[in-house]
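Shown here: protein26.pdb, PDB, C-alpha atoms.
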ATOM      1  CA  MET X 761     114.057  27.702 -90.826
ATOM      2  CA  PRO X 762     115.586  24.464 -89.477
ATOM      3  CA  ILE X 763     113.098  22.459 -87.443
ATOM      4  CA  HIS X 764     115.454  22.351 -84.461
ATOM      5  CA  TYR X 765     114.903  26.041 -83.803
ATOM      6  CA  TYR X 766     111.169  25.558 -83.511
ATOM      7  CA  VAL X 767     111.547  22.477 -81.308
ATOM      8  CA  ILE X 768     113.878  24.283 -78.908
ATOM      9  CA  LEU X 769     111.649  27.381 -78.816
ATOM     10  CA  SER X 770     108.576  25.268 -78.069
ATOM     11  CA  ALA X 771     110.391  23.210 -75.437
ATOM     12  CA  THR X 772     111.564  26.384 -73.723
ATOM     13  CA  LEU X 773     108.067  27.864 -73.692
ATOM     14  CA  PHE X 774     106.692  24.570 -72.377
ATOM     15  CA  CYS X 775     109.269  24.465 -69.571
ATOM     16  CA  ILE X 776     108.546  28.073 -68.627
ATOM     17  CA  GLY X 777     104.914  27.022 -68.303
ATOM     18  CA  ILE X 778     105.888  24.049 -66.143
ATOM     19  CA  ILE X 779     108.016  26.235 -63.870
ATOM     20  CA  GLY X 780     105.047  28.568 -63.498
ATOM     21  CA  VAL X 781     102.706  25.730 -62.569
ATOM     22  CA  LEU X 782     105.213  24.444 -60.005
ATOM     23  CA  THR X 783     106.167  27.734 -58.378
ATOM     24  CA  ARG X 784     103.248  30.153 -58.479
ATOM     25  CA  ARG X 785     100.487  29.895 -55.881
ATOM     26  CA  ASN X 786      97.824  32.052 -57.480
ATOM     27  CA  ALA X 787      95.359  29.661 -59.127
ATOM     28  CA  ILE X 788      94.661  32.050 -62.012
ATOM     29  CA  ILE X 789      98.350  32.343 -62.899
ATOM     30  CA  VAL X 790      98.735  28.563 -62.708
ATOM     31  CA  PHE X 791      95.874  28.351 -65.175
ATOM     32  CA  MET X 792      97.518  30.889 -67.469
ATOM     33  CA  CYS X 793     100.717  28.851 -67.441
ATOM     34  CA  ILE X 794      98.718  25.833 -68.596
ATOM     35  CA  GLU X 795      97.491  27.935 -71.526
ATOM     36  CA  LEU X 796     101.119  28.811 -72.255
ATOM     37  CA  MET X 797     102.013  25.114 -72.393
ATOM     38  CA  LEU X 798      99.112  24.410 -74.759
ATOM     39  CA  ASN X 799     100.318  27.171 -77.051
ATOM     40  CA  ALA X 800     103.866  25.821 -77.073
ATOM     41  CA  VAL X 801     102.516  22.468 -78.249
ATOM     42  CA  ASN X 802     100.402  24.199 -80.899
ATOM     43  CA  LEU X 803     103.424  26.022 -82.280
ATOM     44  CA  LEU X 804     105.361  22.771 -82.469
ATOM     45  CA  LEU X 805     102.494  21.016 -84.271
ATOM     46  CA  VAL X 806     102.315  23.754 -86.906
ATOM     47  CA  ALA X 807     106.085  23.669 -87.415
ATOM     48  CA  PHE X 808     106.032  19.880 -87.833
ATOM     49  CA  SER X 809     103.105  20.186 -90.230
ATOM     50  CA  LYS X 810     105.126  22.520 -92.438
ATOM     51  CA  MET X 811     108.165  20.254 -92.131
ATOM     52  CA  HIS X 812     106.099  17.277 -93.253
ATOM     53  CA  HIS X 813     104.594  19.251 -96.104
ATOM     54  CA  GLY X 814     107.980  20.379 -97.341
ATOM     55  CA  SER X 815     109.886  17.127 -96.966
ATOM     56  CA  LEU X 816     107.535  14.515 -98.369
ATOM     57  CA  LEU X 817     105.732  16.184-101.284
ATOM     58  CA  GLN X 818     103.266  13.313-101.623
ATOM     59  CA  GLY X 819     100.048  15.073-102.499
ATOM     60  CA  ALA X 820      99.078  18.655-101.979
ATOM     61  CA  ASN X 821      97.431  18.057 -98.612
ATOM     62  CA  SER X 822     100.270  16.270 -96.802
ATOM     63  CA  GLY X 823     100.835  17.709 -93.359
ATOM     64  CA  ILE X 824      97.446  19.359 -93.099
ATOM     65  CA  ASP X 825      96.399  17.063 -90.241
ATOM     66  CA  GLY X 826      98.731  18.845 -87.844
ATOM     67  CA  GLN X 827      96.940  22.121 -88.382
ATOM     68  CA  ILE X 828      93.536  20.434 -87.918
ATOM     69  CA  PHE X 829      94.830  19.066 -84.596
ATOM     70  CA  VAL X 830      95.855  22.578 -83.562
ATOM     71  CA  PHE X 831      92.333  23.732 -84.339
ATOM     72  CA  PHE X 832      90.847  21.000 -82.127
ATOM     73  CA  ILE X 833      93.326  21.788 -79.338
ATOM     74  CA  MET X 834      92.093  25.380 -79.413
ATOM     75  CA  VAL X 835      88.482  24.156 -79.194
ATOM     76  CA  VAL X 836      89.232  21.973 -76.182
ATOM     77  CA  ALA X 837      91.228  24.775 -74.542
ATOM     78  CA  ALA X 838      88.313  27.165 -74.858
ATOM     79  CA  ALA X 839      85.934  24.667 -73.231
ATOM     80  CA  GLU X 840      88.502  23.930 -70.519
ATOM     81  CA  VAL X 841      88.965  27.613 -69.701
ATOM     82  CA  SER X 842      85.253  28.218 -69.230
ATOM     83  CA  VAL X 843      84.856  25.310 -66.804
ATOM     84  CA  GLY X 844      88.137  25.991 -65.000
ATOM     85  CA  LEU X 845      87.385  29.646 -64.419
ATOM     86  CA  ALA X 846      83.949  28.707 -63.095
ATOM     87  CA  ILE X 847      85.668  26.362 -60.618
ATOM     88  CA  ILE X 848      88.080  29.129 -59.571
ATOM     89  CA  VAL X 849      85.207  31.568 -59.061
ATOM     90  CA  MET X 850      83.392  28.982 -56.923
ATOM     91  CA  MET X 851      86.549  28.387 -54.898
ATOM     92  CA  TYR X 852      86.959  32.132 -54.360
ATOM     93  CA  ARG X 853      83.362  32.373 -53.231
ATOM     94  CA  ASN X 854      83.898  29.642 -50.637
ATOM     95  CA  VAL X 855      87.330  30.432 -49.172
ATOM     96  CA  HIS X 856      87.759  34.092 -50.291
ATOM     97  CA  SER X 857      91.171  33.397 -51.787
ATOM     98  CA  VAL X 858      92.646  31.899 -54.935
ATOM     99  CA  ASP X 859      95.754  30.580 -53.173
ATOM    100  CA  ILE X 860      96.130  26.940 -54.171
ATOM    101  CA  ASN X 861      97.532  26.082 -50.745
ATOM    102  CA  PHE X 862      93.965  26.324 -49.465
ATOM    103  CA  LEU X 863      93.108  23.322 -51.601
ATOM    104  CA  ASN X 864      95.153  20.918 -49.448
ATOM    105  CA  ARG X 865      92.203  20.451 -47.108
ATOM    106  CA  LEU X 866      91.020  17.799 -49.551
ATOM    107  CA  LYS X 867      93.639  15.417 -48.164
ATOM    108  CA  ASN X 868      92.394  15.195 -44.590
TER     109      ASN X 868
ATOM    110  CA  MET K 355     120.664  37.198 -92.582
ATOM    111  CA  SER K 356     117.432  37.102 -94.510
ATOM    112  CA  ILE K 357     114.228  38.850 -93.549
ATOM    113  CA  THR K 358     112.691  35.523 -92.494
ATOM    114  CA  GLU K 359     115.441  34.895 -89.964
ATOM    115  CA  ILE K 360     115.217  38.408 -88.585
ATOM    116  CA  VAL K 361     111.461  38.073 -88.068
ATOM    117  CA  PHE K 362     111.930  34.597 -86.562
ATOM    118  CA  TRP K 363     114.485  35.754 -83.993
ATOM    119  CA  PHE K 364     112.481  38.854 -83.124
ATOM    120  CA  LEU K 365     109.279  36.844 -82.556
ATOM    121  CA  SER K 366     111.135  34.162 -80.592
ATOM    122  CA  GLY K 367     112.750  36.710 -78.324
ATOM    123  CA  LEU K 368     109.437  38.470 -77.804
ATOM    124  CA  ALA K 369     107.716  35.170 -76.941
ATOM    125  CA  LEU K 370     110.407  34.072 -74.480
ATOM    126  CA  VAL K 371     110.731  37.424 -72.708
ATOM    127  CA  SER K 372     106.968  37.779 -72.422
ATOM    128  CA  ALA K 373     106.597  34.215 -71.137
ATOM    129  CA  ILE K 374     109.199  34.847 -68.442
ATOM    130  CA  MET K 375     107.472  38.089 -67.505
ATOM    131  CA  VAL K 376     104.198  36.155 -67.081
ATOM    132  CA  LEU K 377     105.955  34.264 -64.287
ATOM    133  CA  LEU K 378     107.709  37.205 -62.704
ATOM    134  CA  SER K 379     104.838  39.704 -62.607
ATOM    135  CA  LYS K 380     103.436  40.266 -59.152
ATOM    136  CA  ASN K 381     100.178  41.722 -60.430
ATOM    137  CA  PRO K 382      97.887  39.165 -62.157
ATOM    138  CA  VAL K 383      96.616  41.815 -64.590
ATOM    139  CA  HIS K 384     100.177  42.387 -65.803
ATOM    140  CA  SER K 385     100.564  38.621 -66.229
ATOM    141  CA  VAL K 386      97.488  38.585 -68.470
ATOM    142  CA  LEU K 387      98.882  41.407 -70.585
ATOM    143  CA  TRP K 388     102.248  39.667 -70.979
ATOM    144  CA  LEU K 389     100.451  36.449 -71.926
ATOM    145  CA  ILE K 390      98.609  38.372 -74.650
ATOM    146  CA  ALA K 391     102.040  39.462 -75.923
ATOM    147  CA  VAL K 392     103.074  35.791 -76.048
ATOM    148  CA  PHE K 393      99.971  34.969 -78.076
ATOM    149  CA  PHE K 394     100.710  37.774 -80.523
ATOM    150  CA  ALA K 395     104.260  36.471 -80.972
ATOM    151  CA  ILE K 396     102.987  32.933 -81.578
ATOM    152  CA  SER K 397     100.484  34.257 -84.103
ATOM    153  CA  GLY K 398     103.385  35.967 -85.842
ATOM    154  CA  HIS K 399     105.126  32.608 -86.014
ATOM    155  CA  TYR K 400     101.997  31.092 -87.581
ATOM    156  CA  ILE K 401     101.944  33.813 -90.236
ATOM    157  CA  LEU K 402     105.635  33.204 -90.873
ATOM    158  CA  LEU K 403     104.829  29.512 -91.398
ATOM    159  CA  ASN K 404     101.977  30.514 -93.739
ATOM    160  CA  ALA K 405      99.294  29.124 -91.416
ATOM    161  CA  GLN K 406      97.097  32.175 -91.733
ATOM    162  CA  PHE K 407      93.827  30.631 -90.593
ATOM    163  CA  LEU K 408      95.401  29.429 -87.344
ATOM    164  CA  ALA K 409      97.029  32.820 -86.804
ATOM    165  CA  ILE K 410      93.679  34.599 -87.008
ATOM    166  CA  VAL K 411      91.895  31.963 -84.903
ATOM    167  CA  ASN K 412      94.680  32.167 -82.314
ATOM    168  CA  LEU K 413      94.231  35.908 -82.057
ATOM    169  CA  ILE K 414      90.435  35.809 -81.935
ATOM    170  CA  VAL K 415      90.032  32.852 -79.577
ATOM    171  CA  TYR K 416      93.023  33.259 -77.247
ATOM    172  CA  ALA K 417      93.851  36.951 -77.187
ATOM    173  CA  GLY K 418      90.291  38.028 -77.838
ATOM    174  CA  ALA K 419      88.056  35.692 -75.854
ATOM    175  CA  ILE K 420      90.006  33.629 -73.322
ATOM    176  CA  MET K 421      92.186  36.446 -72.053
ATOM    177  CA  VAL K 422      89.188  38.751 -71.700
ATOM    178  CA  LEU K 423      87.550  36.008 -69.640
ATOM    179  CA  PHE K 424      90.662  35.886 -67.427
ATOM    180  CA  LEU K 425      90.590  39.670 -67.031
ATOM    181  CA  PHE K 426      86.910  39.563 -66.089
ATOM    182  CA  VAL K 427      87.532  36.956 -63.396
ATOM    183  CA  ILE K 428      90.581  38.781 -62.008
ATOM    184  CA  MET K 429      88.717  42.053 -61.806
ATOM    185  CA  LEU K 430      85.650  40.330 -60.366
ATOM    186  CA  MET K 431      87.801  39.029 -57.521
ATOM    187  CA  ASN K 432      89.629  42.334 -57.116
ATOM    188  CA  GLN K 433      92.927  40.486 -57.300
ATOM    189  CA  GLY K 434      94.930  43.344 -58.782
ATOM    190  CA  SER K 435      95.052  45.350 -55.579
ATOM    191  CA  GLU K 436      96.805  43.083 -53.106
ATOM    192  CA  PRO K 437      99.989  41.188 -54.015
ATOM    193  CA  GLU K 438     100.363  37.451 -53.662
ATOM    194  CA  PRO K 439     101.186  36.460 -50.065
ATOM    195  CA  ARG K 440     104.757  35.289 -49.837
ATOM    196  CA  SER K 441     106.187  33.045 -47.162
ATOM    197  CA  LYS K 442     108.775  30.260 -47.095
ATOM    198  CA  SER K 443     108.484  29.943 -50.859
ATOM    199  CA  MET K 444     112.146  30.427 -51.759
ATOM    200  CA  TRP K 445     112.840  26.695 -51.704
ATOM    201  CA  ILE K 446     109.695  25.992 -53.701
ATOM    202  CA  LYS K 447     110.778  28.474 -56.372
ATOM    203  CA  MET K 448     114.276  27.014 -56.565
ATOM    204  CA  ALA K 449     112.973  23.448 -56.728
ATOM    205  CA  GLY K 450     110.508  24.375 -59.468
ATOM    206  CA  ALA K 451     113.140  26.175 -61.527
ATOM    207  CA  ILE K 452     115.599  23.288 -61.184
ATOM    208  CA  SER K 453     113.037  20.656 -62.167
ATOM    209  CA  GLY K 454     111.808  22.712 -65.132
ATOM    210  CA  GLY K 455     115.366  23.316 -66.279
ATOM    211  CA  SER K 456     116.143  19.602 -65.992
ATOM    212  CA  LEU K 457     113.125  18.801 -68.148
ATOM    213  CA  LEU K 458     114.321  21.316 -70.756
ATOM    214  CA  LEU K 459     117.772  19.732 -70.673
ATOM    215  CA  VAL K 460     116.325  16.271 -71.256
ATOM    216  CA  MET K 461     114.123  17.473 -74.130
ATOM    217  CA  VAL K 462     116.987  19.281 -75.873
ATOM    218  CA  ALA K 463     119.255  16.263 -75.416
ATOM    219  CA  VAL K 464     116.613  13.987 -76.974
ATOM    220  CA  ILE K 465     116.012  16.136 -80.045
ATOM    221  CA  ARG K 466     119.752  16.579 -80.575
ATOM    222  CA  GLN K 467     119.990  12.798 -80.901
ATOM    223  CA  SER K 468     116.812  12.313 -82.908
ATOM    224  CA  ALA K 469     117.267  10.818 -86.369
ATOM    225  CA  ASN K 470     113.766  11.802 -87.497
ATOM    226  CA  LEU K 471     114.587  15.491 -87.606
ATOM    227  CA  VAL K 472     117.598  15.315 -89.910
ATOM    228  CA  VAL K 473     117.960  14.447 -93.565
ATOM    229  CA  ARG K 474     120.885  13.917 -95.946
ATOM    230  CA  ASN K 475     121.343  16.555 -98.622
ATOM    231  CA  GLU K 476     122.897  16.211-102.077
ATOM    232  CA  ALA K 477     126.449  16.313-100.745
ATOM    233  CA  ASN K 478     125.544  13.494 -98.329
ATOM    234  CA  ASP K 479     125.891  15.765 -95.305
ATOM    235  CA  ILE K 480     123.456  15.506 -92.425
ATOM    236  CA  VAL K 481     121.367  18.682 -92.191
ATOM    237  CA  PRO K 482     118.239  19.362 -90.128
ATOM    238  CA  LYS K 483     114.907  19.223 -91.897
ATOM    239  CA  GLU K 484     113.369  22.549 -92.790
ATOM    240  CA  ALA K 485     110.032  23.924 -91.653
ATOM    241  CA  VAL K 486     109.377  25.752 -94.896
ATOM    242  CA  ALA K 487     108.438  29.352 -94.243
ATOM    243  CA  ARG K 488     106.383  31.675 -96.417
ATOM    244  CA  VAL K 489     105.437  29.055 -99.022
ATOM    245  CA  GLY K 490     102.777  26.348 -99.258
ATOM    246  CA  ASP K 491      99.021  26.691 -99.128
ATOM    247  CA  ILE K 492      97.979  24.073 -96.557
ATOM    248  CA  GLY K 493      97.391  26.751 -93.935
ATOM    249  CA  LEU K 494      94.851  28.623 -96.013
ATOM    250  CA  ILE K 495      91.204  28.500 -95.038
ATOM    251  CA  GLU K 496      90.121  26.832 -98.287
ATOM    252  CA  LYS K 497      92.250  23.705 -97.811
ATOM    253  CA  LEU K 498      91.684  23.526 -94.056
ATOM    254  CA  GLY K 499      87.935  23.910 -94.367
ATOM    255  CA  ASN K 500      87.782  21.280 -97.056
ATOM    256  CA  VAL K 501      89.603  18.718 -94.906
ATOM    257  CA  LEU K 502      87.768  19.729 -91.737
ATOM    258  CA  PHE K 503      84.321  19.209 -93.219
ATOM    259  CA  THR K 504      85.096  15.977 -95.054
ATOM    260  CA  GLU K 505      87.665  13.880 -93.201
ATOM    261  CA  TYR K 506      87.255  15.369 -89.738
ATOM    262  CA  VAL K 507      83.538  16.104 -89.721
ATOM    263  CA  VAL K 508      82.757  13.634 -86.899
ATOM    264  CA  PRO K 509      85.290  15.128 -84.436
ATOM    265  CA  PHE K 510      84.016  18.546 -85.456
ATOM    266  CA  GLU K 511      80.451  17.640 -84.498
ATOM    267  CA  ILE K 512      81.607  15.974 -81.284
ATOM    268  CA  SER K 513      83.445  19.148 -80.341
ATOM    269  CA  SER K 514      80.178  21.042 -80.626
ATOM    270  CA  VAL K 515      78.690  18.644 -78.068
ATOM    271  CA  LEU K 516      81.774  19.262 -75.917
ATOM    272  CA  PHE K 517      81.147  23.001 -76.112
ATOM    273  CA  LEU K 518      77.518  22.549 -75.113
ATOM    274  CA  SER K 519      78.444  20.410 -72.104
ATOM    275  CA  ALA K 520      81.173  22.887 -71.105
ATOM    276  CA  MET K 521      78.672  25.729 -71.254
ATOM    277  CA  VAL K 522      76.133  23.857 -69.143
ATOM    278  CA  GLY K 523      78.879  22.804 -66.720
ATOM    279  CA  ALA K 524      80.156  26.351 -66.310
ATOM    280  CA  VAL K 525      76.667  27.633 -65.566
ATOM    281  CA  VAL K 526      75.927  24.814 -63.102
ATOM    282  CA  ILE K 527      79.242  25.235 -61.276
ATOM    283  CA  GLY K 528      79.108  29.005 -61.266
ATOM    284  CA  LYS K 529      75.589  29.576 -60.024
ATOM    285  CA  LYS K 530      74.873  30.247 -56.393
ATOM    286  CA  GLU K 531      73.276  27.305 -54.644
TER     287      GLU K 531
END

As C-alpha cells, what does this structure read like?
Amino acid sequence: MPIHYYVILSATLFCIGIIGVLTRRNAIIVFMCIELMLNAVNLLLVAFSKMHHGSLLQGANSGIDGQIFVFFIMVVAAAEVSVGLAIIVMMYRNVHSVDINFLNRLKN
Amino acid sequence: MSITEIVFWFLSGLALVSAIMVLLSKNPVHSVLWLIAVFFAISGHYILLNAQFLAIVNLIVYAGAIMVLFLFVIMLMNQGSEPEPRSKSMWIKMAGAISGGSLLLVMVAVIRQSANLVVRNEANDIVPKEAVARVGDIGLIEKLGNVLFTEYVVPFEISSVLFLSAMVGAVVIGKKE
C-alpha cells in the first residue's frame, strides 16, 4: 500500500483523539482519547518501519527500530494508564465527579 | 482491487468509524467498547504489515489489560448510569472540532508536499513509497527479540524500573490516607 494512505489514516485518528481531548469533559474519556492518539502514532511507526525495510534493502534488519519503538511506547502507555487511573480515582474520591471542569480550582 | 486493498479499506473504515463513535457515545462503557474495536482494527493493520508480534502485544496489552482497567474504574465509579452533564458546551464542541480539523488540514498539506515519501520509478515518474504488506520478516518475534535483547537491552531494563515506579506510584496515590 502507498505510504500516504497510512499517513492520512494515522493523522485522522490522531486528530479525532485531539478533538476528543478538547471537547469531552469526562476525565476517563479524555484519557481514552490520549490512548487513541498513542495508537495512531504506533500505526504510523510500523508503516514507516515497513517502508524503510522495503525501500532501502541494506541488511535484513533495516527498519526494525521502528517496531522496537512501538514496543517501548506500549510499555510507557501501560505505566501511564496505571498512574493516571489512580489519579482519576483519587479525584473522584475527593470531589465525587470526574468532570474536568472541577479541576480549575487549581488556578485560584 | 486486490485482497490486500480490500482488507486495508475495511480495517481503515472500521478504525475511523469506531474512533468517531468513541467521541459521540454518551455512555462511557460504550466508549470503552468502541475503543476496543479501534484496537482490533489497528491490530489487523499490524498483521497486514506482517508485524505479528506487535499485533499480539497490542491485543493483549491494550484490549486485554488497559481497557479492562478502564472498565473496572468506570464501574467502580458507577459512571454508566448517569449521562455527562451538558451545559453551554456547544461553542466548546465547535471550537474543538474546528481546531482539530485545522490540524488535520495542516498535516495532510505537509505530507502532500513532502519529498521524503516519494520515489522515482523506472519510468522516472514520481510515485509514493510503498509500505510493503504481507512480506518481510522484521516483525516476527525472533528478529525483534534478538534486537531487543542485544541493541536495546539497556532501555529494556530501564523500562522495568519504570514499571516498578509506576506500580508503587499507583498504590501510593490510590490508597486512602

**OP:** List the neighbours of Val835 of chain X out to 10 Å using all atoms listed in the file; skip same-chain residues closer than 6 positions along the sequence, and give me the result as a ChimeraX atom specification.
**Re:** /X:829 /K:415,510,513-514,516-517

**OP:** Could you give me, as a PyMOL selection string, the residues within 9 Å of segment 797-811 of chain X, counting all atoms listed in the file and dropping anything in the same chain fewer than 3 positions from it?
**Re:** (chain X and resi 762-763+766-767+769-778+792-794+814-816+822-827+829-831+833-834+837) or (chain K and resi 393+396-397+399-400+403-405+408+483-487+490+492-493)

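Among the candidates K:Gly523, K:Phe424, K:Ser453, K:Ser443, the one nearest to Asn861 of chain X when counting only C-alpha atoms is K:Ser443.
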
Go through the shown structure with the PyMOL selection byres ((chain K and resi 451) around 10) and write out the matching residues as a compact mmCIF listing (two decimals) with C-alpha atoms, in the frame of the given file.
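Final output, saved to selection_14.txt:
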# COMPACT_ATOMS: atom_id res chain seq x y z
CA CYS X 775 109.27 24.46 -69.57
CA ILE X 776 108.55 28.07 -68.63
CA ILE X 778 105.89 24.05 -66.14
CA ILE X 779 108.02 26.24 -63.87
CA GLY X 780 105.05 28.57 -63.50
CA LEU X 782 105.21 24.44 -60.00
CA THR X 783 106.17 27.73 -58.38
CA TRP K 445 112.84 26.70 -51.70
CA ILE K 446 109.70 25.99 -53.70
CA LYS K 447 110.78 28.47 -56.37
CA MET K 448 114.28 27.01 -56.56
CA ALA K 449 112.97 23.45 -56.73
CA GLY K 450 110.51 24.38 -59.47
CA ILE K 452 115.60 23.29 -61.18
CA SER K 453 113.04 20.66 -62.17
CA GLY K 454 111.81 22.71 -65.13
CA GLY K 455 115.37 23.32 -66.28
CA SER K 456 116.14 19.60 -65.99
CA LEU K 457 113.12 18.80 -68.15

**OP:** Could you give me, as a PyMOL selection string, the residues within 7 Å of Leu368 of chain K, counting only C-alpha atoms and dropping anything in the same chain fewer than 4 positions from it?
**Re:** chain K and resi 364+372+395

**OP:** Grab the atom CA of Ile847 of chain X to atom CA of Val526 of chain K distance for me, in Å with one decimal place.
**Re:**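 Taking atom CA of Ile847 of chain X as the start and atom CA of Val526 of chain K as the end point, the length is 10.2 Å.
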
**OP:** Could you tell me how far atom CA of Gly528 of chain K lies from atom CA of Glu840 of chain X, in Å and to one decimal?
**Re:** 14.1 Å

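Here the PyMOL selection byres ((chain K and resi 471) around 8) captures the residues Ile763 and His764 of chain X; Ile465, Ser468, Ala469, Asn470, Val472, Val473, Pro482 and Lys483 of chain K.
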
Next, the residues of the selection above should be written as a PDB file, keeping the file's coordinate frame with C-alpha atoms.
ATOM      1  CA  ILE X 763     113.098  22.459 -87.443  1.00  0.00           C
ATOM      2  CA  HIS X 764     115.454  22.351 -84.461  1.00  0.00           C
TER       3      HIS X 764
ATOM      4  CA  ILE K 465     116.012  16.136 -80.045  1.00  0.00           C
ATOM      5  CA  SER K 468     116.812  12.313 -82.908  1.00  0.00           C
ATOM      6  CA  ALA K 469     117.267  10.818 -86.369  1.00  0.00           C
ATOM      7  CA  ASN K 470     113.766  11.802 -87.497  1.00  0.00           C
ATOM      8  CA  VAL K 472     117.598  15.315 -89.910  1.00  0.00           C
ATOM      9  CA  VAL K 473     117.960  14.447 -93.565  1.00  0.00           C
ATOM     10  CA  PRO K 482     118.239  19.362 -90.128  1.00  0.00           C
ATOM     11  CA  LYS K 483     114.907  19.223 -91.897  1.00  0.00           C
TER      12      LYS K 483
END

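For the set K:Phe503, K:Lys380, K:Leu458, K:Asn478, the residue with the smallest atom-to-atom gap to chain X is K:Leu458, counting all atoms listed in the file.
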
Original post:
Which residue gives the smallest distance to chain K among X:Met851, X:Ile860, X:Ile768, X:Ala787, with all atoms listed in the file counted?
Top reply: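 Smallest distance to chain K is found for X:Ile768.
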
Subject >> Top pick for closest residue to Asn432 of chain K, considering K:Asn381, K:Glu476, K:Phe394, K:Trp388 and counting all atoms listed in the file >> reply: K:Asn381

Residues returned when the PyMOL selection byres ((chain X and resi 789) around 9) runs on this file, as a PDB file with C-alpha atoms, in the frame of the given file:
ATOM      1  CA  GLY X 780     105.047  28.568 -63.498  1.00  0.00           C
ATOM      2  CA  VAL X 781     102.706  25.730 -62.569  1.00  0.00           C
ATOM      3  CA  ARG X 784     103.248  30.153 -58.479  1.00  0.00           C
ATOM      4  CA  ARG X 785     100.487  29.895 -55.881  1.00  0.00           C
ATOM      5  CA  ASN X 786      97.824  32.052 -57.480  1.00  0.00           C
ATOM      6  CA  ALA X 787      95.359  29.661 -59.127  1.00  0.00           C
ATOM      7  CA  ILE X 788      94.661  32.050 -62.012  1.00  0.00           C
ATOM      8  CA  VAL X 790      98.735  28.563 -62.708  1.00  0.00           C
ATOM      9  CA  PHE X 791      95.874  28.351 -65.175  1.00  0.00           C
ATOM     10  CA  MET X 792      97.518  30.889 -67.469  1.00  0.00           C
ATOM     11  CA  CYS X 793     100.717  28.851 -67.441  1.00  0.00           C
ATOM     12  CA  ILE X 794      98.718  25.833 -68.596  1.00  0.00           C
TER      13      ILE X 794
ATOM     14  CA  VAL K 376     104.198  36.155 -67.081  1.00  0.00           C
ATOM     15  CA  LEU K 377     105.955  34.264 -64.287  1.00  0.00           C
ATOM     16  CA  PRO K 382      97.887  39.165 -62.157  1.00  0.00           C
ATOM     17  CA  SER K 385     100.564  38.621 -66.229  1.00  0.00           C
ATOM     18  CA  VAL K 386      97.488  38.585 -68.470  1.00  0.00           C
TER      19      VAL K 386
END

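The interatomic distance for the pair atom CA of Leu502 of chain K and atom CA of Val411 of chain K works out to 14.6 Å.
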
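Of the listed residues K:Ala477, K:Val422, K:Ala369, K:Val508, the one whose atoms come nearest to chain X is K:Ala369, with distances taken using all atoms listed in the file.
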
Reconstruct N, CA and C atoms of segment 770-783 of chain X; output as a PDB file, in the coordinates of the input.
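As a result, selection05.pdb now contains:
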ATOM      1  N   SER X 770     109.780  25.820 -78.691  1.00  0.00           N
ATOM      2  CA  SER X 770     108.576  25.268 -78.069  1.00  0.00           C
ATOM      3  C   SER X 770     108.907  24.586 -76.755  1.00  0.00           C
ATOM      4  N   ALA X 771     110.030  23.871 -76.695  1.00  0.00           N
ATOM      5  CA  ALA X 771     110.391  23.210 -75.437  1.00  0.00           C
ATOM      6  C   ALA X 771     110.669  24.237 -74.353  1.00  0.00           C
ATOM      7  N   THR X 772     111.300  25.351 -74.726  1.00  0.00           N
ATOM      8  CA  THR X 772     111.564  26.384 -73.723  1.00  0.00           C
ATOM      9  C   THR X 772     110.273  27.003 -73.212  1.00  0.00           C
ATOM     10  N   LEU X 773     109.346  27.303 -74.130  1.00  0.00           N
ATOM     11  CA  LEU X 773     108.067  27.864 -73.692  1.00  0.00           C
ATOM     12  C   LEU X 773     107.323  26.881 -72.791  1.00  0.00           C
ATOM     13  N   PHE X 774     107.371  25.594 -73.172  1.00  0.00           N
ATOM     14  CA  PHE X 774     106.692  24.570 -72.377  1.00  0.00           C
ATOM     15  C   PHE X 774     107.297  24.497 -70.974  1.00  0.00           C
ATOM     16  N   CYS X 775     108.633  24.561 -70.887  1.00  0.00           N
ATOM     17  CA  CYS X 775     109.269  24.465 -69.571  1.00  0.00           C
ATOM     18  C   CYS X 775     109.025  25.712 -68.741  1.00  0.00           C
ATOM     19  N   ILE X 776     108.917  26.873 -69.389  1.00  0.00           N
ATOM     20  CA  ILE X 776     108.546  28.073 -68.627  1.00  0.00           C
ATOM     21  C   ILE X 776     107.152  27.885 -68.033  1.00  0.00           C
ATOM     22  N   GLY X 777     106.251  27.305 -68.825  1.00  0.00           N
ATOM     23  CA  GLY X 777     104.914  27.022 -68.303  1.00  0.00           C
ATOM     24  C   GLY X 777     104.950  26.056 -67.138  1.00  0.00           C
ATOM     25  N   ILE X 778     105.805  25.032 -67.232  1.00  0.00           N
ATOM     26  CA  ILE X 778     105.888  24.049 -66.143  1.00  0.00           C
ATOM     27  C   ILE X 778     106.438  24.700 -64.881  1.00  0.00           C
ATOM     28  N   ILE X 779     107.468  25.547 -65.048  1.00  0.00           N
ATOM     29  CA  ILE X 779     108.016  26.235 -63.870  1.00  0.00           C
ATOM     30  C   ILE X 779     106.944  27.104 -63.222  1.00  0.00           C
ATOM     31  N   GLY X 780     106.123  27.759 -64.054  1.00  0.00           N
ATOM     32  CA  GLY X 780     105.047  28.568 -63.498  1.00  0.00           C
ATOM     33  C   GLY X 780     104.040  27.747 -62.720  1.00  0.00           C
ATOM     34  N   VAL X 781     103.666  26.581 -63.279  1.00  0.00           N
ATOM     35  CA  VAL X 781     102.706  25.730 -62.569  1.00  0.00           C
ATOM     36  C   VAL X 781     103.302  25.259 -61.243  1.00  0.00           C
ATOM     37  N   LEU X 782     104.610  24.985 -61.228  1.00  0.00           N
ATOM     38  CA  LEU X 782     105.213  24.444 -60.005  1.00  0.00           C
ATOM     39  C   LEU X 782     105.451  25.516 -58.951  1.00  0.00           C
ATOM     40  N   THR X 783     105.722  26.750 -59.369  1.00  0.00           N
ATOM     41  CA  THR X 783     106.167  27.734 -58.378  1.00  0.00           C
ATOM     42  C   THR X 783     105.096  28.730 -57.964  1.00  0.00           C
TER      43      THR X 783
END
